[in-house]
Amino acid sequence: LSKDYHIRSKLSAWRMTLGIIGGMIAVGSARPLSEMLTEMTGSENQGWFFTACVLVGLMVLALLVTFWGVKEDPNSKDSVHEGGPFSGWSMLSGNRPFWFLTAAFVLNFLGLTLLTSCIPFFFEHYLHDKGLEPIVTAMLFGVAAL
């Protein structure tokens with residue numbers, strides 16, 4: 001959206017902060033939502049399935065709102081329109097640092113996703129204490145936010 005380093009840094013900070021908040025909301029609401037949906041459906045499997053459907057639906061909605069709501073100023077001197085949307089791929093294909101950084105980000109988000117998806121099951125089936133789940137989740141995301 002901008003060639004200005006400081007503006008890009010602020011946008012990236014907002015992205016990360018809101019991503020952490022969204023993750024906290026998803027992890028914090030998963031168990032109560034699944035318990036409510038389990039009561040409605042009569043099946044724990046269906047309760048968790050519909051919980052996942054609700055959370056995925058909210059995530060898709062957020063992505064669509066971002067996609068449709070964020071527009072580049074066509075009159076800005078920072079705008080880049082020549083060459084079409086795929087013109088930069090030829091430049092990126094030979095950029096080794098870009099691919100190393102991309103791999104690091106993918107592995108980081110994969111690890112975080114695996115960790116947060118295991119939290120409810122770890123507390124229920126290993127520690128046998130569902131009450132600790134929100135405390136540890138808040139601590140995990142609080143440290144990530146800092």
# chains A, B, ... in the order shown; residues from 1 in each chain; ligands from 1

$ closest_atom_pairs --of "stretch 1-61 of chain A" --to "stretch 101-120 of chain A" --cutoff "9 Å" --atoms "only C-alpha atoms" --output "tab-separated table"
residue	atom	partner	partner_atom	distance
A:Gly23	CA	A:Thr116	CA	8.4
A:Val27	CA	A:Thr116	CA	6.9
A:Ala30	CA	A:Pro120	CA	8.3
A:Arg31	CA	A:Pro120	CA	7.1

$ write_last_selection --atoms "N, CA and C atoms" --output "PDB file, in the first residue's frame"
ATOM      1  N   GLY A  23      -6.517 -14.472  17.303  1.00  0.00           N
ATOM      2  CA  GLY A  23      -6.155 -15.803  17.804  1.00  0.00           C
ATOM      3  C   GLY A  23      -6.623 -16.016  19.226  1.00  0.00           C
ATOM      4  N   VAL A  27      -9.198 -18.992  20.232  1.00  0.00           N
ATOM      5  CA  VAL A  27      -8.838 -20.026  21.212  1.00  0.00           C
ATOM      6  C   VAL A  27      -9.707 -19.906  22.460  1.00  0.00           C
ATOM      7  N   ALA A  30     -13.365 -21.169  21.649  1.00  0.00           N
ATOM      8  CA  ALA A  30     -13.548 -22.505  21.055  1.00  0.00           C
ATOM      9  C   ALA A  30     -14.265 -23.464  22.006  1.00  0.00           C
ATOM     10  N   ARG A  31     -13.781 -23.562  23.233  1.00  0.00           N
ATOM     11  CA  ARG A  31     -14.397 -24.529  24.156  1.00  0.00           C
ATOM     12  C   ARG A  31     -15.831 -24.140  24.517  1.00  0.00           C
TER      13      ARG A  31
END

$ residues_around --residues "stretch 129-144 of chain A" --least-positions-apart "3" --cutoff "7 Å" --atoms "only C-alpha atoms" --output "ChimeraX atom specification"
/A:20,24,28,120,123-124

$ atom_distance --atom1 "atom CA of A:Met36" --atom2 "atom CA of A:Trp48"
9.9 Å

$ residues_around --residues "A:Phe50" --least-positions-apart "4" --cutoff "10 Å" --atoms "only C-alpha atoms" --output "list of chain:residue names"
A:Leu33, A:Ser34, A:Leu37, A:Thr38, A:Thr41, A:Glu44, A:Asn45, A:Gln46, A:Val54, A:Leu55, A:Val56

$ select_by_dssp --residues "stretch 5-138 of chain A" --states "alpha helix (DSSP H)" --output "compact mmCIF listing (two decimals) with N, CA and C atoms, in the first residue's frame"
# COMPACT_ATOMS: atom_id res chain seq x y z
N TYR A 5 8.72 3.17 4.28
CA TYR A 5 9.09 2.14 5.24
C TYR A 5 8.30 2.28 6.55
N HIS A 6 8.15 3.50 7.05
CA HIS A 6 7.48 3.71 8.34
C HIS A 6 5.99 3.36 8.26
N ILE A 7 5.35 3.68 7.17
CA ILE A 7 3.94 3.33 7.00
C ILE A 7 3.79 1.81 6.91
N ARG A 8 4.68 1.16 6.16
CA ARG A 8 4.62 -0.30 6.06
C ARG A 8 4.85 -0.95 7.42
N SER A 9 5.76 -0.39 8.21
CA SER A 9 6.02 -0.93 9.56
C SER A 9 4.79 -0.80 10.44
N LYS A 10 4.11 0.34 10.37
CA LYS A 10 2.90 0.52 11.17
C LYS A 10 1.80 -0.44 10.72
N LEU A 11 1.65 -0.61 9.42
CA LEU A 11 0.64 -1.55 8.91
C LEU A 11 0.96 -2.98 9.35
N SER A 12 2.22 -3.35 9.31
CA SER A 12 2.62 -4.68 9.74
C SER A 12 2.37 -4.88 11.23
N ALA A 13 2.64 -3.84 12.03
CA ALA A 13 2.38 -3.93 13.46
C ALA A 13 0.89 -4.12 13.74
N TRP A 14 0.05 -3.38 13.01
CA TRP A 14 -1.39 -3.55 13.17
C TRP A 14 -1.82 -4.96 12.78
N ARG A 15 -1.26 -5.46 11.68
CA ARG A 15 -1.60 -6.81 11.23
C ARG A 15 -1.26 -7.84 12.29
N MET A 16 -0.06 -7.74 12.85
CA MET A 16 0.35 -8.72 13.86
C MET A 16 -0.48 -8.58 15.14
N THR A 17 -0.73 -7.37 15.58
CA THR A 17 -1.50 -7.14 16.80
C THR A 17 -2.92 -7.68 16.66
N LEU A 18 -3.57 -7.33 15.56
CA LEU A 18 -4.94 -7.80 15.35
C LEU A 18 -4.98 -9.31 15.13
N GLY A 19 -3.93 -9.87 14.53
CA GLY A 19 -3.85 -11.33 14.38
C GLY A 19 -3.77 -12.03 15.72
N ILE A 20 -2.99 -11.46 16.64
CA ILE A 20 -2.88 -12.04 17.97
C ILE A 20 -4.21 -11.93 18.71
N ILE A 21 -4.86 -10.78 18.59
CA ILE A 21 -6.16 -10.61 19.24
C ILE A 21 -7.18 -11.59 18.66
N GLY A 22 -7.18 -11.74 17.34
CA GLY A 22 -8.08 -12.71 16.71
C GLY A 22 -7.80 -14.13 17.16
N GLY A 23 -6.52 -14.47 17.30
CA GLY A 23 -6.16 -15.80 17.80
C GLY A 23 -6.62 -16.02 19.23
N MET A 24 -6.48 -14.98 20.06
CA MET A 24 -6.95 -15.08 21.45
C MET A 24 -8.46 -15.30 21.50
N ILE A 25 -9.17 -14.58 20.66
CA ILE A 25 -10.63 -14.73 20.63
C ILE A 25 -11.01 -16.13 20.17
N ALA A 26 -10.33 -16.61 19.12
CA ALA A 26 -10.66 -17.95 18.60
C ALA A 26 -10.37 -19.04 19.62
N VAL A 27 -9.20 -18.99 20.23
CA VAL A 27 -8.84 -20.03 21.21
C VAL A 27 -9.71 -19.91 22.46
N GLY A 28 -9.97 -18.67 22.89
CA GLY A 28 -10.78 -18.48 24.10
C GLY A 28 -12.25 -18.84 23.92
N SER A 29 -12.75 -18.72 22.71
CA SER A 29 -14.17 -19.02 22.48
C SER A 29 -14.41 -20.44 21.99
N ALA A 30 -13.36 -21.17 21.65
CA ALA A 30 -13.55 -22.50 21.06
C ALA A 30 -14.27 -23.46 22.01
N ARG A 31 -13.78 -23.56 23.23
CA ARG A 31 -14.40 -24.53 24.16
C ARG A 31 -15.83 -24.14 24.52
N PRO A 32 -16.11 -22.90 24.93
CA PRO A 32 -17.51 -22.57 25.26
C PRO A 32 -18.45 -22.75 24.06
N LEU A 33 -17.97 -22.38 22.89
CA LEU A 33 -18.80 -22.54 21.69
C LEU A 33 -19.03 -24.02 21.39
N SER A 34 -17.98 -24.83 21.51
CA SER A 34 -18.15 -26.26 21.23
C SER A 34 -19.07 -26.93 22.24
N GLU A 35 -18.99 -26.50 23.51
CA GLU A 35 -19.88 -27.07 24.52
C GLU A 35 -21.34 -26.71 24.23
N MET A 36 -21.56 -25.46 23.82
CA MET A 36 -22.92 -25.03 23.48
C MET A 36 -23.44 -25.81 22.26
N LEU A 37 -22.59 -25.96 21.25
CA LEU A 37 -23.01 -26.67 20.04
C LEU A 37 -23.13 -28.17 20.30
N THR A 38 -22.36 -28.71 21.23
CA THR A 38 -22.50 -30.13 21.60
C THR A 38 -23.86 -30.36 22.24
N GLU A 39 -24.28 -29.42 23.10
CA GLU A 39 -25.61 -29.53 23.70
C GLU A 39 -26.70 -29.48 22.65
N MET A 40 -26.53 -28.59 21.66
CA MET A 40 -27.54 -28.43 20.62
C MET A 40 -27.62 -29.65 19.70
N THR A 41 -26.45 -30.22 19.36
CA THR A 41 -26.43 -31.33 18.41
C THR A 41 -26.48 -32.70 19.08
N GLU A 44 -20.43 -34.59 20.62
CA GLU A 44 -19.22 -33.78 20.82
C GLU A 44 -18.48 -33.58 19.50
N ASN A 45 -18.45 -34.60 18.66
CA ASN A 45 -17.79 -34.47 17.35
C ASN A 45 -18.45 -33.39 16.50
N GLN A 46 -19.77 -33.39 16.47
CA GLN A 46 -20.47 -32.36 15.70
C GLN A 46 -20.30 -30.98 16.33
N GLY A 47 -20.24 -30.93 17.66
CA GLY A 47 -20.03 -29.67 18.34
C GLY A 47 -18.70 -29.04 17.94
N TRP A 48 -17.64 -29.85 17.91
CA TRP A 48 -16.33 -29.33 17.50
C TRP A 48 -16.30 -29.02 16.01
N PHE A 49 -16.99 -29.84 15.21
CA PHE A 49 -17.03 -29.58 13.77
C PHE A 49 -17.70 -28.24 13.48
N PHE A 50 -18.84 -27.99 14.11
CA PHE A 50 -19.54 -26.73 13.87
C PHE A 50 -18.79 -25.54 14.48
N THR A 51 -18.06 -25.78 15.56
CA THR A 51 -17.20 -24.72 16.11
C THR A 51 -16.16 -24.32 15.08
N ALA A 52 -15.52 -25.33 14.48
CA ALA A 52 -14.53 -25.04 13.44
C ALA A 52 -15.17 -24.31 12.27
N CYS A 53 -16.38 -24.71 11.89
CA CYS A 53 -17.08 -24.03 10.78
C CYS A 53 -17.36 -22.57 11.10
N VAL A 54 -17.79 -22.29 12.34
CA VAL A 54 -18.07 -20.91 12.74
C VAL A 54 -16.78 -20.08 12.70
N LEU A 55 -15.70 -20.61 13.27
CA LEU A 55 -14.44 -19.87 13.30
C LEU A 55 -13.87 -19.66 11.91
N VAL A 56 -13.96 -20.66 11.05
CA VAL A 56 -13.50 -20.50 9.66
C VAL A 56 -14.35 -19.47 8.94
N GLY A 57 -15.66 -19.50 9.17
CA GLY A 57 -16.55 -18.51 8.55
C GLY A 57 -16.19 -17.09 8.96
N LEU A 58 -15.88 -16.89 10.25
CA LEU A 58 -15.48 -15.56 10.71
C LEU A 58 -14.15 -15.14 10.09
N MET A 59 -13.23 -16.09 9.95
CA MET A 59 -11.94 -15.78 9.36
C MET A 59 -12.10 -15.41 7.89
N VAL A 60 -12.91 -16.15 7.16
CA VAL A 60 -13.15 -15.84 5.75
C VAL A 60 -13.83 -14.48 5.62
N LEU A 61 -14.77 -14.20 6.49
CA LEU A 61 -15.44 -12.90 6.48
C LEU A 61 -14.44 -11.76 6.70
N ALA A 62 -13.54 -11.93 7.66
CA ALA A 62 -12.53 -10.90 7.93
C ALA A 62 -11.62 -10.70 6.72
N LEU A 63 -11.23 -11.78 6.07
CA LEU A 63 -10.38 -11.67 4.88
C LEU A 63 -11.12 -10.96 3.74
N LEU A 64 -12.40 -11.29 3.54
CA LEU A 64 -13.16 -10.64 2.48
C LEU A 64 -13.38 -9.16 2.75
N VAL A 65 -13.65 -8.81 4.02
CA VAL A 65 -13.81 -7.39 4.36
C VAL A 65 -12.51 -6.65 4.09
N THR A 66 -11.39 -7.26 4.44
CA THR A 66 -10.09 -6.63 4.17
C THR A 66 -9.87 -6.50 2.68
N PHE A 67 -10.15 -7.55 1.94
CA PHE A 67 -9.93 -7.55 0.49
C PHE A 67 -10.76 -6.46 -0.19
N TRP A 68 -12.03 -6.38 0.18
CA TRP A 68 -12.91 -5.40 -0.46
C TRP A 68 -12.77 -4.00 0.13
N GLY A 69 -12.34 -3.90 1.39
CA GLY A 69 -12.31 -2.62 2.06
C GLY A 69 -11.02 -1.82 1.91
N TRP A 89 6.58 -11.46 -9.76
CA TRP A 89 7.00 -12.84 -9.52
C TRP A 89 8.32 -13.18 -10.20
N SER A 90 8.58 -12.61 -11.35
CA SER A 90 9.85 -12.91 -12.02
C SER A 90 11.02 -12.39 -11.18
N MET A 91 10.83 -11.25 -10.55
CA MET A 91 11.87 -10.71 -9.68
C MET A 91 12.04 -11.56 -8.42
N LEU A 92 10.93 -12.02 -7.86
CA LEU A 92 10.99 -12.79 -6.62
C LEU A 92 11.49 -14.21 -6.81
N SER A 93 11.32 -14.77 -7.99
CA SER A 93 11.69 -16.16 -8.20
C SER A 93 13.18 -16.42 -7.96
N ARG A 96 16.72 -15.42 -3.20
CA ARG A 96 16.88 -16.44 -2.16
C ARG A 96 16.52 -15.93 -0.76
N PRO A 97 16.95 -14.72 -0.35
CA PRO A 97 16.56 -14.26 0.99
C PRO A 97 15.04 -14.17 1.16
N PHE A 98 14.33 -13.78 0.11
CA PHE A 98 12.87 -13.72 0.17
C PHE A 98 12.30 -15.11 0.46
N TRP A 99 12.79 -16.14 -0.22
CA TRP A 99 12.27 -17.49 -0.04
C TRP A 99 12.64 -18.06 1.33
N PHE A 100 13.83 -17.74 1.85
CA PHE A 100 14.19 -18.16 3.21
C PHE A 100 13.28 -17.50 4.23
N LEU A 101 13.02 -16.22 4.06
CA LEU A 101 12.14 -15.49 4.97
C LEU A 101 10.71 -16.01 4.88
N THR A 102 10.26 -16.30 3.67
CA THR A 102 8.92 -16.85 3.49
C THR A 102 8.80 -18.21 4.18
N ALA A 103 9.81 -19.06 4.02
CA ALA A 103 9.80 -20.37 4.68
C ALA A 103 9.78 -20.21 6.21
N ALA A 104 10.54 -19.25 6.72
CA ALA A 104 10.56 -19.02 8.17
C ALA A 104 9.18 -18.57 8.67
N PHE A 105 8.53 -17.68 7.95
CA PHE A 105 7.19 -17.23 8.35
C PHE A 105 6.19 -18.37 8.28
N VAL A 106 6.25 -19.17 7.23
CA VAL A 106 5.30 -20.29 7.10
C VAL A 106 5.50 -21.28 8.24
N LEU A 107 6.75 -21.62 8.54
CA LEU A 107 7.02 -22.56 9.62
C LEU A 107 6.61 -21.98 10.98
N ASN A 108 6.82 -20.68 11.17
CA ASN A 108 6.42 -20.03 12.41
C ASN A 108 4.91 -20.10 12.59
N PHE A 109 4.16 -19.73 11.56
CA PHE A 109 2.70 -19.75 11.66
C PHE A 109 2.16 -21.18 11.75
N LEU A 110 2.82 -22.13 11.09
CA LEU A 110 2.42 -23.53 11.20
C LEU A 110 2.59 -24.01 12.64
N GLY A 111 3.74 -23.69 13.23
CA GLY A 111 3.98 -24.08 14.62
C GLY A 111 2.99 -23.45 15.58
N LEU A 112 2.71 -22.16 15.41
CA LEU A 112 1.75 -21.48 16.27
C LEU A 112 0.35 -22.06 16.10
N THR A 113 -0.02 -22.38 14.87
CA THR A 113 -1.34 -22.96 14.62
C THR A 113 -1.45 -24.34 15.25
N LEU A 114 -0.42 -25.15 15.11
CA LEU A 114 -0.44 -26.48 15.73
C LEU A 114 -0.50 -26.37 17.26
N LEU A 115 0.25 -25.44 17.82
CA LEU A 115 0.24 -25.26 19.27
C LEU A 115 -1.13 -24.85 19.76
N THR A 116 -1.72 -23.83 19.14
CA THR A 116 -3.01 -23.34 19.62
C THR A 116 -4.14 -24.34 19.38
N SER A 117 -4.02 -25.16 18.34
CA SER A 117 -5.08 -26.15 18.11
C SER A 117 -4.99 -27.30 19.10
N CYS A 118 -3.84 -27.51 19.69
CA CYS A 118 -3.68 -28.62 20.66
C CYS A 118 -4.02 -28.21 22.09
N ILE A 119 -4.08 -26.92 22.36
CA ILE A 119 -4.29 -26.45 23.73
C ILE A 119 -5.55 -27.05 24.38
N PRO A 120 -6.73 -26.98 23.74
CA PRO A 120 -7.91 -27.53 24.42
C PRO A 120 -7.79 -29.02 24.75
N PHE A 121 -7.23 -29.78 23.84
CA PHE A 121 -7.11 -31.22 24.05
C PHE A 121 -6.06 -31.55 25.10
N LEU A 132 -7.56 -24.45 33.63
CA LEU A 132 -6.26 -23.82 33.38
C LEU A 132 -6.12 -23.31 31.94
N GLU A 133 -6.93 -23.83 31.06
CA GLU A 133 -6.80 -23.50 29.63
C GLU A 133 -6.86 -22.00 29.35
N PRO A 134 -7.86 -21.25 29.84
CA PRO A 134 -7.89 -19.82 29.53
C PRO A 134 -6.72 -19.04 30.13
N ILE A 135 -6.24 -19.48 31.29
CA ILE A 135 -5.12 -18.78 31.94
C ILE A 135 -3.85 -18.95 31.11
N VAL A 136 -3.55 -20.17 30.74
CA VAL A 136 -2.34 -20.44 29.96
C VAL A 136 -2.45 -19.83 28.57
N THR A 137 -3.62 -19.88 27.98
CA THR A 137 -3.83 -19.27 26.66
C THR A 137 -3.60 -17.76 26.73
N ALA A 138 -4.13 -17.12 27.74
CA ALA A 138 -3.92 -15.67 27.91
C ALA A 138 -2.44 -15.36 28.09

$ atom_distance --atom1 "atom CA of A:Val70" --atom2 "atom CA of A:Leu146"
26.7 Å
